[in-house]
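J.: Could you have a look at this structure, given as structure tokens, before my questions?
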Amino acid sequence: MRKPIVAGNWKMNLKLSQAKEMVEELLSFGNCPESVEAILIPNYLCLPLLSEKLKGTGYELGAQNMSSEDQGAFTGEISWDMLKEIGVSYCIIGHSERRTIYLENNSQIEKKLKKAVETGIKPILCVGESLEKRQAGEAKKRIEGQVHRALVGLDKDAIQDLVIAYEPIWAIGSGQAATPEDAEDMCRTIREWVEKDYGSDLADKMRILYGGSVKPENIADFMKKENIDGALVGGASLKAKDFHQMIEEVRND
Ligand code: 13P
């Protein structure tokens, strides 16, 4: 019922020439299958090129971050309008690397999420706990705080296209993915919170992704779980062959 998502967050990897090669190789395998939503999320500089290359292929384009402001004196920032003009449909909001390295807080994330939903950019809201919080048994409390702080003041209509990605910080780039059972447990809990706040029709349709050391070899194990609707992939999304293989694992046509 929920269309699965495979989203590739390239982070600060692949310069323009490498992005061109990656996308050309990816397209040599054909267009994106209709049963999957596959989203490429490169650095800003590669967005115009990818937008051109991906036209008519079924692949979607996402950005890694966006400003909560419309325009003006905000050095180094990129606005929703700039993203939309080049065909970006998704944007990651609140990735843990933004939260921990660049100290983005819940209130900034809330503003960005509001701006995205107001302007028709589909947000991929990232939430995740540190190893310390998990070991202290506080993972759910942490995630609940992040979800609720981000969604505060948003009504049901505003978040129809929201995607939530559960990415435990300790699983990111570590090669140590969460177990599918633990990931499912958190994704189910997130869906239950959404249901409590917004009702079951929205909760049933919202896509919730797992992220953290997902690769072609383990993606199918996550996809078997009822509440996991796809993956937000870092390292393994950089190689066309691996990204394509993950899409093949997820497609259900
Ligand atoms: P890795 O897949 O490299 O662990 O990264 C996950 C991630 O942070 C995606 O946003």
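Chain labels follow the order of the structure tokens: the first chain is A, the next B, and so on; residue numbering restarts at 1 in every chain, and ligands are counted from 1 in their shown order.
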Can you tell me which residues sit at most 10 Å away from ligand 1, counting only C-alpha atoms and all ligand atoms, written as a PyMOL selection string?

T.: chain A and resi 7-11+41+64+92+95-97+124+126+128+165-177+210-215+231-238

J.: Within 12 Å of A:Gly62, counting only C-alpha atoms, which residues show up once you throw out same-chain ones fewer than 3 positions away? Write them as an mmCIF file with all heavy atoms, in the first residue's frame, please.

T.:
data_model
loop_
_atom_site.group_PDB
_atom_site.id
_atom_site.type_symbol
_atom_site.label_atom_id
_atom_site.label_comp_id
_atom_site.auth_asym_id
_atom_site.auth_seq_id
_atom_site.Cartn_x
_atom_site.Cartn_y
_atom_site.Cartn_z
ATOM 1 N N VAL A 6 13.748 4.310 -1.861
ATOM 2 C CA VAL A 6 15.191 4.147 -1.657
ATOM 3 C C VAL A 6 15.798 5.519 -1.920
ATOM 4 O O VAL A 6 15.719 6.033 -3.047
ATOM 5 C CB VAL A 6 15.809 3.107 -2.619
ATOM 6 C CG1 VAL A 6 17.303 2.972 -2.349
ATOM 7 C CG2 VAL A 6 15.126 1.756 -2.468
ATOM 8 N N ALA A 7 16.327 6.141 -0.875
ATOM 9 C CA ALA A 7 16.872 7.488 -1.016
ATOM 10 C C ALA A 7 18.374 7.433 -0.778
ATOM 11 O O ALA A 7 18.831 6.851 0.208
ATOM 12 C CB ALA A 7 16.206 8.430 -0.009
ATOM 13 N N GLY A 8 19.119 8.023 -1.700
ATOM 14 C CA GLY A 8 20.581 8.016 -1.585
ATOM 15 C C GLY A 8 21.095 9.376 -1.170
ATOM 16 O O GLY A 8 21.056 10.326 -1.948
ATOM 17 N N ASN A 9 21.541 9.473 0.073
ATOM 18 C CA ASN A 9 22.115 10.717 0.581
ATOM 19 C C ASN A 9 23.618 10.672 0.331
ATOM 20 O O ASN A 9 24.343 9.975 1.029
ATOM 21 C CB ASN A 9 21.804 10.831 2.084
ATOM 22 C CG ASN A 9 22.469 12.040 2.726
ATOM 23 O OD1 ASN A 9 23.009 12.907 2.032
ATOM 24 N ND2 ASN A 9 22.447 12.088 4.053
ATOM 25 N N TRP A 10 24.047 11.426 -0.648
ATOM 26 C CA TRP A 10 25.475 11.384 -1.026
ATOM 27 C C TRP A 10 26.352 12.136 -0.026
ATOM 28 O O TRP A 10 27.562 12.081 -0.106
ATOM 29 C CB TRP A 10 25.676 11.992 -2.408
ATOM 30 C CG TRP A 10 25.088 11.200 -3.541
ATOM 31 C CD1 TRP A 10 24.326 10.060 -3.455
ATOM 32 C CD2 TRP A 10 25.217 11.485 -4.938
ATOM 33 N NE1 TRP A 10 23.984 9.631 -4.719
ATOM 34 C CE2 TRP A 10 24.517 10.484 -5.642
ATOM 35 C CE3 TRP A 10 25.867 12.487 -5.671
ATOM 36 C CZ2 TRP A 10 24.443 10.458 -7.045
ATOM 37 C CZ3 TRP A 10 25.786 12.475 -7.058
ATOM 38 C CH2 TRP A 10 25.083 11.458 -7.726
ATOM 39 N N LYS A 11 25.752 12.928 0.835
ATOM 40 C CA LYS A 11 26.500 13.768 1.791
ATOM 41 C C LYS A 11 27.536 14.606 1.009
ATOM 42 O O LYS A 11 27.255 15.001 -0.109
ATOM 43 C CB LYS A 11 27.138 12.887 2.865
ATOM 44 C CG LYS A 11 26.100 11.960 3.512
ATOM 45 C CD LYS A 11 26.594 11.255 4.722
ATOM 46 C CE LYS A 11 25.472 10.384 5.285
ATOM 47 N NZ LYS A 11 25.830 9.694 6.505
ATOM 48 N N GLU A 37 9.998 4.449 -5.303
ATOM 49 C CA GLU A 37 10.376 5.850 -5.433
ATOM 50 C C GLU A 37 11.862 5.926 -5.076
ATOM 51 O O GLU A 37 12.226 5.649 -3.921
ATOM 52 C CB GLU A 37 9.532 6.683 -4.454
ATOM 53 C CG GLU A 37 9.338 8.081 -4.948
ATOM 54 C CD GLU A 37 8.263 8.832 -4.177
ATOM 55 O OE1 GLU A 37 7.380 8.213 -3.549
ATOM 56 O OE2 GLU A 37 8.331 10.064 -4.210
ATOM 57 N N ALA A 38 12.685 6.210 -6.047
ATOM 58 C CA ALA A 38 14.128 6.298 -5.782
ATOM 59 C C ALA A 38 14.545 7.756 -5.887
ATOM 60 O O ALA A 38 14.245 8.429 -6.873
ATOM 61 C CB ALA A 38 14.898 5.442 -6.766
ATOM 62 N N ILE A 39 15.203 8.235 -4.848
ATOM 63 C CA ILE A 39 15.520 9.667 -4.758
ATOM 64 C C ILE A 39 17.036 9.837 -4.653
ATOM 65 O O ILE A 39 17.668 9.234 -3.772
ATOM 66 C CB ILE A 39 14.859 10.292 -3.506
ATOM 67 C CG1 ILE A 39 13.378 9.908 -3.415
ATOM 68 C CG2 ILE A 39 15.021 11.803 -3.499
ATOM 69 C CD1 ILE A 39 12.757 10.130 -2.025
ATOM 70 N N LEU A 40 17.604 10.642 -5.533
ATOM 71 C CA LEU A 40 19.034 10.938 -5.449
ATOM 72 C C LEU A 40 19.212 12.272 -4.748
ATOM 73 O O LEU A 40 18.554 13.267 -5.102
ATOM 74 C CB LEU A 40 19.662 10.981 -6.845
ATOM 75 C CG LEU A 40 19.878 9.594 -7.452
ATOM 76 C CD1 LEU A 40 18.695 9.190 -8.291
ATOM 77 C CD2 LEU A 40 21.146 9.541 -8.274
ATOM 78 N N ILE A 41 20.092 12.278 -3.764
ATOM 79 C CA ILE A 41 20.260 13.478 -2.930
ATOM 80 C C ILE A 41 21.747 13.871 -2.917
ATOM 81 O O ILE A 41 22.487 13.551 -1.990
ATOM 82 C CB ILE A 41 19.714 13.219 -1.499
ATOM 83 C CG1 ILE A 41 18.314 12.566 -1.572
ATOM 84 C CG2 ILE A 41 19.688 14.509 -0.694
ATOM 85 C CD1 ILE A 41 17.681 12.227 -0.227
ATOM 86 N N PRO A 42 22.167 14.571 -3.984
ATOM 87 C CA PRO A 42 23.578 14.936 -4.099
ATOM 88 C C PRO A 42 23.854 16.266 -3.403
ATOM 89 O O PRO A 42 22.948 16.868 -2.833
ATOM 90 C CB PRO A 42 23.742 15.098 -5.613
ATOM 91 C CG PRO A 42 22.422 15.677 -6.037
ATOM 92 C CD PRO A 42 21.381 15.058 -5.127
ATOM 93 N N ASN A 43 25.100 16.731 -3.489
ATOM 94 C CA ASN A 43 25.380 18.089 -2.994
ATOM 95 C C ASN A 43 24.701 19.104 -3.930
ATOM 96 O O ASN A 43 24.352 18.788 -5.063
ATOM 97 C CB ASN A 43 26.893 18.314 -2.869
ATOM 98 C CG ASN A 43 27.582 18.344 -4.225
ATOM 99 O OD1 ASN A 43 27.356 19.236 -5.035
ATOM 100 N ND2 ASN A 43 28.401 17.348 -4.501
ATOM 101 N N TYR A 44 24.549 20.328 -3.449
ATOM 102 C CA TYR A 44 23.821 21.356 -4.206
ATOM 103 C C TYR A 44 24.381 21.566 -5.629
ATOM 104 O O TYR A 44 23.627 21.787 -6.565
ATOM 105 C CB TYR A 44 23.892 22.704 -3.492
ATOM 106 C CG TYR A 44 23.185 22.765 -2.162
ATOM 107 C CD1 TYR A 44 23.853 23.241 -1.032
ATOM 108 C CD2 TYR A 44 21.851 22.414 -2.032
ATOM 109 C CE1 TYR A 44 23.215 23.343 0.190
ATOM 110 C CE2 TYR A 44 21.200 22.513 -0.821
ATOM 111 C CZ TYR A 44 21.887 22.982 0.300
ATOM 112 O OH TYR A 44 21.255 23.083 1.501
ATOM 113 N N CYS A 46 25.605 19.643 -7.721
ATOM 114 C CA CYS A 46 25.258 18.614 -8.710
ATOM 115 C C CYS A 46 23.774 18.610 -9.056
ATOM 116 O O CYS A 46 23.355 17.899 -9.978
ATOM 117 C CB CYS A 46 25.652 17.233 -8.181
ATOM 118 S SG CYS A 46 27.417 17.051 -7.941
ATOM 119 N N LEU A 47 22.974 19.373 -8.331
ATOM 120 C CA LEU A 47 21.522 19.309 -8.547
ATOM 121 C C LEU A 47 21.094 19.682 -9.976
ATOM 122 O O LEU A 47 20.303 18.954 -10.576
ATOM 123 C CB LEU A 47 20.780 20.183 -7.522
ATOM 124 C CG LEU A 47 20.721 19.637 -6.083
ATOM 125 C CD1 LEU A 47 20.185 20.701 -5.127
ATOM 126 C CD2 LEU A 47 19.861 18.380 -5.998
ATOM 127 N N PRO A 48 21.621 20.791 -10.553
ATOM 128 C CA PRO A 48 21.155 21.135 -11.905
ATOM 129 C C PRO A 48 21.484 20.039 -12.928
ATOM 130 O O PRO A 48 20.652 19.689 -13.754
ATOM 131 C CB PRO A 48 21.913 22.433 -12.226
ATOM 132 C CG PRO A 48 22.292 22.990 -10.902
ATOM 133 C CD PRO A 48 22.507 21.816 -9.990
ATOM 134 N N LEU A 50 21.944 16.803 -12.373
ATOM 135 C CA LEU A 50 21.105 15.624 -12.148
ATOM 136 C C LEU A 50 19.668 15.881 -12.580
ATOM 137 O O LEU A 50 19.007 15.001 -13.127
ATOM 138 C CB LEU A 50 21.152 15.198 -10.668
ATOM 139 C CG LEU A 50 22.141 14.063 -10.387
ATOM 140 C CD1 LEU A 50 23.570 14.460 -10.655
ATOM 141 C CD2 LEU A 50 21.996 13.535 -8.970
ATOM 142 N N SER A 51 19.217 17.100 -12.364
ATOM 143 C CA SER A 51 17.864 17.444 -12.754
ATOM 144 C C SER A 51 17.683 17.234 -14.262
ATOM 145 O O SER A 51 16.688 16.669 -14.715
ATOM 146 C CB SER A 51 17.589 18.895 -12.361
ATOM 147 O OG SER A 51 16.329 19.274 -12.794
ATOM 148 N N LEU A 54 17.981 13.349 -15.108
ATOM 149 C CA LEU A 54 16.949 12.445 -14.577
ATOM 150 C C LEU A 54 15.558 12.722 -15.146
ATOM 151 O O LEU A 54 14.620 11.984 -14.859
ATOM 152 C CB LEU A 54 16.910 12.531 -13.037
ATOM 153 C CG LEU A 54 18.199 12.115 -12.315
ATOM 154 C CD1 LEU A 54 18.053 12.281 -10.804
ATOM 155 C CD2 LEU A 54 18.582 10.672 -12.645
ATOM 156 N N TYR A 59 13.284 8.833 -11.759
ATOM 157 C CA TYR A 59 14.065 9.117 -10.546
ATOM 158 C C TYR A 59 13.717 10.502 -10.024
ATOM 159 O O TYR A 59 13.429 11.413 -10.806
ATOM 160 C CB TYR A 59 15.572 9.066 -10.840
ATOM 161 C CG TYR A 59 16.100 7.669 -10.927
ATOM 162 C CD1 TYR A 59 16.331 7.060 -12.156
ATOM 163 C CD2 TYR A 59 16.343 6.934 -9.772
ATOM 164 C CE1 TYR A 59 16.798 5.752 -12.241
ATOM 165 C CE2 TYR A 59 16.817 5.631 -9.847
ATOM 166 C CZ TYR A 59 17.037 5.050 -11.077
ATOM 167 O OH TYR A 59 17.487 3.764 -11.151
ATOM 168 N N ASN A 65 19.578 19.732 2.586
ATOM 169 C CA ASN A 65 19.275 20.730 3.614
ATOM 170 C C ASN A 65 18.624 21.920 2.912
ATOM 171 O O ASN A 65 18.749 22.066 1.703
ATOM 172 C CB ASN A 65 20.589 21.170 4.270
ATOM 173 C CG ASN A 65 20.403 22.106 5.449
ATOM 174 O OD1 ASN A 65 19.343 22.146 6.074
ATOM 175 N ND2 ASN A 65 21.430 22.875 5.761
ATOM 176 N N MET A 66 17.916 22.750 3.625
ATOM 177 C CA MET A 66 17.418 24.004 3.049
ATOM 178 C C MET A 66 17.245 25.037 4.148
ATOM 179 O O MET A 66 17.153 24.695 5.334
ATOM 180 C CB MET A 66 16.090 23.792 2.309
ATOM 181 C CG MET A 66 14.953 23.302 3.173
ATOM 182 S SD MET A 66 13.363 23.246 2.290
ATOM 183 C CE MET A 66 12.597 24.739 2.924
ATOM 184 N N TRP A 80 14.189 27.287 -0.517
ATOM 185 C CA TRP A 80 13.229 26.371 -1.139
ATOM 186 C C TRP A 80 12.964 26.726 -2.595
ATOM 187 O O TRP A 80 12.809 25.862 -3.446
ATOM 188 C CB TRP A 80 11.909 26.385 -0.356
ATOM 189 C CG TRP A 80 11.230 27.729 -0.333
ATOM 190 C CD1 TRP A 80 11.435 28.726 0.581
ATOM 191 C CD2 TRP A 80 10.292 28.222 -1.289
ATOM 192 N NE1 TRP A 80 10.673 29.812 0.251
ATOM 193 C CE2 TRP A 80 9.952 29.528 -0.895
ATOM 194 C CE3 TRP A 80 9.696 27.701 -2.430
ATOM 195 C CZ2 TRP A 80 9.052 30.327 -1.596
ATOM 196 C CZ3 TRP A 80 8.792 28.493 -3.146
ATOM 197 C CH2 TRP A 80 8.482 29.786 -2.723
ATOM 198 N N LEU A 83 15.664 25.627 -4.860
ATOM 199 C CA LEU A 83 15.586 24.168 -5.048
ATOM 200 C C LEU A 83 14.459 23.813 -6.018
ATOM 201 O O LEU A 83 14.630 23.003 -6.924
ATOM 202 C CB LEU A 83 15.362 23.469 -3.701
ATOM 203 C CG LEU A 83 16.496 23.628 -2.679
ATOM 204 C CD1 LEU A 83 16.107 22.986 -1.349
ATOM 205 C CD2 LEU A 83 17.785 23.006 -3.191
ATOM 206 N N LYS A 84 13.327 24.476 -5.810
ATOM 207 C CA LYS A 84 12.165 24.145 -6.657
ATOM 208 C C LYS A 84 12.404 24.475 -8.119
ATOM 209 O O LYS A 84 11.990 23.735 -9.007
ATOM 210 C CB LYS A 84 10.931 24.912 -6.165
ATOM 211 C CG LYS A 84 10.211 24.171 -5.061
ATOM 212 C CD LYS A 84 8.866 24.774 -4.826
ATOM 213 C CE LYS A 84 7.766 23.792 -5.162
ATOM 214 N NZ LYS A 84 6.464 24.244 -4.671
ATOM 215 N N ILE A 86 14.921 24.215 -9.850
ATOM 216 C CA ILE A 86 15.657 23.194 -10.621
ATOM 217 C C ILE A 86 15.071 21.794 -10.459
ATOM 218 O O ILE A 86 15.730 20.807 -10.773
ATOM 219 C CB ILE A 86 17.161 23.193 -10.296
ATOM 220 C CG1 ILE A 86 17.398 23.242 -8.806
ATOM 221 C CG2 ILE A 86 17.893 24.297 -11.009
ATOM 222 C CD1 ILE A 86 18.834 23.040 -8.458
ATOM 223 N N GLY A 87 13.851 21.715 -9.950
ATOM 224 C CA GLY A 87 13.180 20.414 -9.987
ATOM 225 C C GLY A 87 13.442 19.510 -8.796
ATOM 226 O O GLY A 87 13.269 18.294 -8.885
ATOM 227 N N VAL A 88 13.856 20.103 -7.663
ATOM 228 C CA VAL A 88 14.041 19.289 -6.461
ATOM 229 C C VAL A 88 12.683 19.057 -5.804
ATOM 230 O O VAL A 88 11.943 20.003 -5.567
ATOM 231 C CB VAL A 88 14.983 20.016 -5.464
ATOM 232 C CG1 VAL A 88 14.986 19.344 -4.104
ATOM 233 C CG2 VAL A 88 16.393 20.076 -6.035
ATOM 234 N N SER A 89 12.361 17.811 -5.514
ATOM 235 C CA SER A 89 11.056 17.587 -4.888
ATOM 236 C C SER A 89 11.152 17.237 -3.400
ATOM 237 O O SER A 89 10.206 17.455 -2.660
ATOM 238 C CB SER A 89 10.262 16.512 -5.636
ATOM 239 O OG SER A 89 11.059 15.435 -5.993
ATOM 240 N N TYR A 90 12.272 16.669 -2.974
ATOM 241 C CA TYR A 90 12.431 16.280 -1.566
ATOM 242 C C TYR A 90 13.561 17.073 -0.914
ATOM 243 O O TYR A 90 14.485 17.519 -1.588
ATOM 244 C CB TYR A 90 12.792 14.794 -1.467
ATOM 245 C CG TYR A 90 11.621 13.855 -1.627
ATOM 246 C CD1 TYR A 90 11.281 13.335 -2.876
ATOM 247 C CD2 TYR A 90 10.853 13.480 -0.532
ATOM 248 C CE1 TYR A 90 10.209 12.464 -3.027
ATOM 249 C CE2 TYR A 90 9.778 12.613 -0.671
ATOM 250 C CZ TYR A 90 9.464 12.104 -1.913
ATOM 251 O OH TYR A 90 8.399 11.249 -2.051
ATOM 252 N N CYS A 91 13.503 17.181 0.408
ATOM 253 C CA CYS A 91 14.651 17.749 1.132
ATOM 254 C C CYS A 91 14.803 17.054 2.484
ATOM 255 O O CYS A 91 13.822 16.875 3.213
ATOM 256 C CB CYS A 91 14.461 19.250 1.344
ATOM 257 S SG CYS A 91 15.914 20.012 2.096
ATOM 258 N N ILE A 92 16.023 16.644 2.774
ATOM 259 C CA ILE A 92 16.315 16.097 4.104
ATOM 260 C C ILE A 92 16.291 17.251 5.103
ATOM 261 O O ILE A 92 16.877 18.310 4.862
ATOM 262 C CB ILE A 92 17.716 15.434 4.125
ATOM 263 C CG1 ILE A 92 17.750 14.203 3.214
ATOM 264 C CG2 ILE A 92 18.127 15.071 5.548
ATOM 265 C CD1 ILE A 92 19.119 13.538 3.126
ATOM 266 N N ILE A 93 15.633 17.037 6.208
ATOM 267 C CA ILE A 93 15.595 18.059 7.269
ATOM 268 C C ILE A 93 16.044 17.394 8.568
ATOM 269 O O ILE A 93 15.525 16.344 8.951
ATOM 270 C CB ILE A 93 14.169 18.618 7.472
ATOM 271 C CG1 ILE A 93 13.544 19.051 6.144
ATOM 272 C CG2 ILE A 93 14.143 19.710 8.546
ATOM 273 C CD1 ILE A 93 13.462 20.470 5.820
ATOM 274 N N ILE A 121 7.834 21.512 -0.758
ATOM 275 C CA ILE A 121 9.010 20.623 -0.798
ATOM 276 C C ILE A 121 8.678 19.473 0.147
ATOM 277 O O ILE A 121 8.276 19.702 1.291
ATOM 278 C CB ILE A 121 10.269 21.359 -0.287
ATOM 279 C CG1 ILE A 121 10.588 22.582 -1.144
ATOM 280 C CG2 ILE A 121 11.449 20.398 -0.124
ATOM 281 C CD1 ILE A 121 11.660 22.431 -2.166
ATOM 282 N N LYS A 122 8.848 18.235 -0.325
ATOM 283 C CA LYS A 122 8.498 17.107 0.548
ATOM 284 C C LYS A 122 9.652 16.829 1.504
ATOM 285 O O LYS A 122 10.763 16.543 1.066
ATOM 286 C CB LYS A 122 8.215 15.864 -0.302
ATOM 287 C CG LYS A 122 7.037 16.026 -1.244
ATOM 288 C CD LYS A 122 6.796 14.717 -1.973
ATOM 289 C CE LYS A 122 6.610 14.964 -3.445
ATOM 290 N NZ LYS A 122 6.440 13.763 -4.235
ATOM 291 N N PRO A 123 9.377 16.913 2.807
ATOM 292 C CA PRO A 123 10.480 16.752 3.754
ATOM 293 C C PRO A 123 10.756 15.296 4.119
ATOM 294 O O PRO A 123 9.830 14.489 4.241
ATOM 295 C CB PRO A 123 9.991 17.496 5.008
ATOM 296 C CG PRO A 123 8.554 17.781 4.801
ATOM 297 C CD PRO A 123 8.122 17.279 3.464
ATOM 298 N N ILE A 124 12.032 14.988 4.265
ATOM 299 C CA ILE A 124 12.442 13.710 4.874
ATOM 300 C C ILE A 124 13.030 14.096 6.230
ATOM 301 O O ILE A 124 14.176 14.555 6.320
ATOM 302 C CB ILE A 124 13.486 12.972 4.015
ATOM 303 C CG1 ILE A 124 12.949 12.724 2.602
ATOM 304 C CG2 ILE A 124 13.914 11.663 4.693
ATOM 305 C CD1 ILE A 124 13.954 12.100 1.630
ATOM 306 N N LEU A 232 17.066 5.181 3.883
ATOM 307 C CA LEU A 232 17.878 6.355 3.574
ATOM 308 C C LEU A 232 19.319 5.871 3.659
ATOM 309 O O LEU A 232 19.780 5.475 4.735
ATOM 310 C CB LEU A 232 17.579 7.482 4.574
ATOM 311 C CG LEU A 232 18.323 8.803 4.372
ATOM 312 C CD1 LEU A 232 18.137 9.364 2.967
ATOM 313 C CD2 LEU A 232 17.843 9.851 5.389
#

J.: Which residues, written as a list in words, have at least one atom at most 9 Å from A:Asp197, with only C-alpha atoms counted and residues fewer than 4 positions away on the same chain left out?

T.: Lys156, Glu192 and Trp193 of chain A

J.: Find, counting only C-alpha atoms, the residue in A:Asp229, A:Glu77, A:Asp182, A:Asp161 that gets nearest to A:Val36.

T.: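 Checking each candidate against A:Val36, we get A:Asp229 as the closest.
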
J.: Which distance in Å separates atom CA of A:Glu21 and atom CA of A:Asp81, to one decimal?

T.: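 Atom-to-atom, atom CA of A:Glu21 to atom CA of A:Asp81, that is 27.6 Å.
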
J.: Find the residue from A:Lys15, A:Lys115, A:Arg2, A:Arg188 that sits nearest to A:Lys225; use only C-alpha atoms when measuring.

T.: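 Going through A:Lys15, A:Lys115, A:Arg2, A:Arg188 one by one, the smallest distance to A:Lys225 is for A:Arg188.
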
J.: DSSP says strand (DSSP E) for which residues of stretch 153-221 of chain A? Put them as a PyMOL selection string?

T.: chain A and resi 163-166+207-211

J.: Can you write just those residues out, C-alpha atoms, as an mmCIF file, in the first residue's frame?

T.:
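What ended up in part.cif:
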data_model
loop_
_atom_site.group_PDB
_atom_site.id
_atom_site.type_symbol
_atom_site.label_atom_id
_atom_site.label_comp_id
_atom_site.auth_asym_id
_atom_site.auth_seq_id
_atom_site.Cartn_x
_atom_site.Cartn_y
_atom_site.Cartn_z
ATOM 1 C CA VAL A 163 8.566 11.088 5.253
ATOM 2 C CA ILE A 164 10.291 10.264 8.528
ATOM 3 C CA ALA A 165 13.688 8.544 8.538
ATOM 4 C CA TYR A 166 14.817 6.777 11.678
ATOM 5 C CA ARG A 207 6.368 6.381 4.821
ATOM 6 C CA ILE A 208 8.900 5.677 7.556
ATOM 7 C CA LEU A 209 12.435 4.779 6.506
ATOM 8 C CA TYR A 210 15.353 3.194 8.261
ATOM 9 C CA GLY A 211 18.879 4.557 7.739
#

J.: Applying 9 Å and only C-alpha atoms, which residues near A:Asp204 remain after dropping the ones on its own chain fewer than 2 positions away? List them as a list in words.

T.: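 Close residues of A:Asp204: Met1, Arg2, Arg191, Glu195, Gly199, Ser200, Asp201, Leu202, Met206 and Arg207 of chain A.
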
J.: A:Glu69: which residues within 12 Å, counting only C-alpha atoms, same-chain residues fewer than 6 positions away excluded, as a list in words?

T.: Thr75, Glu77, Ile78, Ser79, Trp80, Asp81, Met82, Gln108, Lys111, Lys112, Leu113, Lys114, Lys115, Ala116, Glu118 and Thr119 of chain A

J.: Excluding A:Gly153 and residues on its chain fewer than 5 positions from it, collect all residues at most 10 Å away from it, counting only C-alpha atoms, and give them as JSON, numbers by chain.

T.: {"A": [110, 114, 148, 158]}

J.: Save the residues we just selected, N, CA, C and O atoms, as a PDB file, in the first residue's frame?

T.:
ATOM      1  N   GLU A 110      12.296  22.655  13.266  1.00  0.00           N
ATOM      2  CA  GLU A 110      10.848  22.919  13.198  1.00  0.00           C
ATOM      3  C   GLU A 110      10.555  23.998  12.143  1.00  0.00           C
ATOM      4  O   GLU A 110       9.647  23.863  11.333  1.00  0.00           O
ATOM      5  N   LYS A 114       8.506  23.512   8.617  1.00  0.00           N
ATOM      6  CA  LYS A 114       7.337  24.357   8.300  1.00  0.00           C
ATOM      7  C   LYS A 114       7.490  24.986   6.927  1.00  0.00           C
ATOM      8  O   LYS A 114       6.566  24.988   6.121  1.00  0.00           O
ATOM      9  N   HIS A 148       8.082  15.144  17.928  1.00  0.00           N
ATOM     10  CA  HIS A 148       7.078  16.108  18.377  1.00  0.00           C
ATOM     11  C   HIS A 148       7.537  17.551  18.229  1.00  0.00           C
ATOM     12  O   HIS A 148       6.763  18.415  17.833  1.00  0.00           O
ATOM     13  N   ALA A 158      -0.977  19.600   6.382  1.00  0.00           N
ATOM     14  CA  ALA A 158       0.370  20.081   6.071  1.00  0.00           C
ATOM     15  C   ALA A 158       1.366  18.939   5.918  1.00  0.00           C
ATOM     16  O   ALA A 158       2.366  19.075   5.209  1.00  0.00           O
TER      17      ALA A 158
END

J.: One decimal, in Å: what's the spacing between atom CA of A:Glu138 and atom CA of A:Glu184?

T.: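 Computing the Euclidean distance for atom CA of A:Glu138 and atom CA of A:Glu184 yields 16.7 Å.
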
J.: I want to know what sits within 9 Å of A:Lys53, based on only C-alpha atoms, with residues of the same chain fewer than 6 positions away left out; could you give that as a ChimeraX atom specification?

T.: /A:20,23-24,27

J.: Quick check for you: according to DSSP on this backbone, which residues of stretch 120-249 of chain A are classed as alpha helix (DSSP H)? Reply as a ChimeraX atom specification.

T.: /A:131-135,139-151,180-198,200-205,219-223,240-249

J.: Go ahead and compute the interatomic distance for atom CA of A:Glu129 and atom CA of A:Phe222, in Å to one decimal.

T.: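 Between these atoms lies a distance of 18.6 Å.
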
J.: Nearest to A:Glu217: which of A:Lys239, A:Met246, A:Ala139, A:Met12 is it, counting only C-alpha atoms?

T.: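 Closest to A:Glu217, using only C-alpha atoms: A:Met246.
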
J.: Pick the closest to A:Pro33 from A:Lys3, A:Asn13, A:Val127, A:Leu45: which is it, counting only C-alpha atoms?

T.: A:Lys3
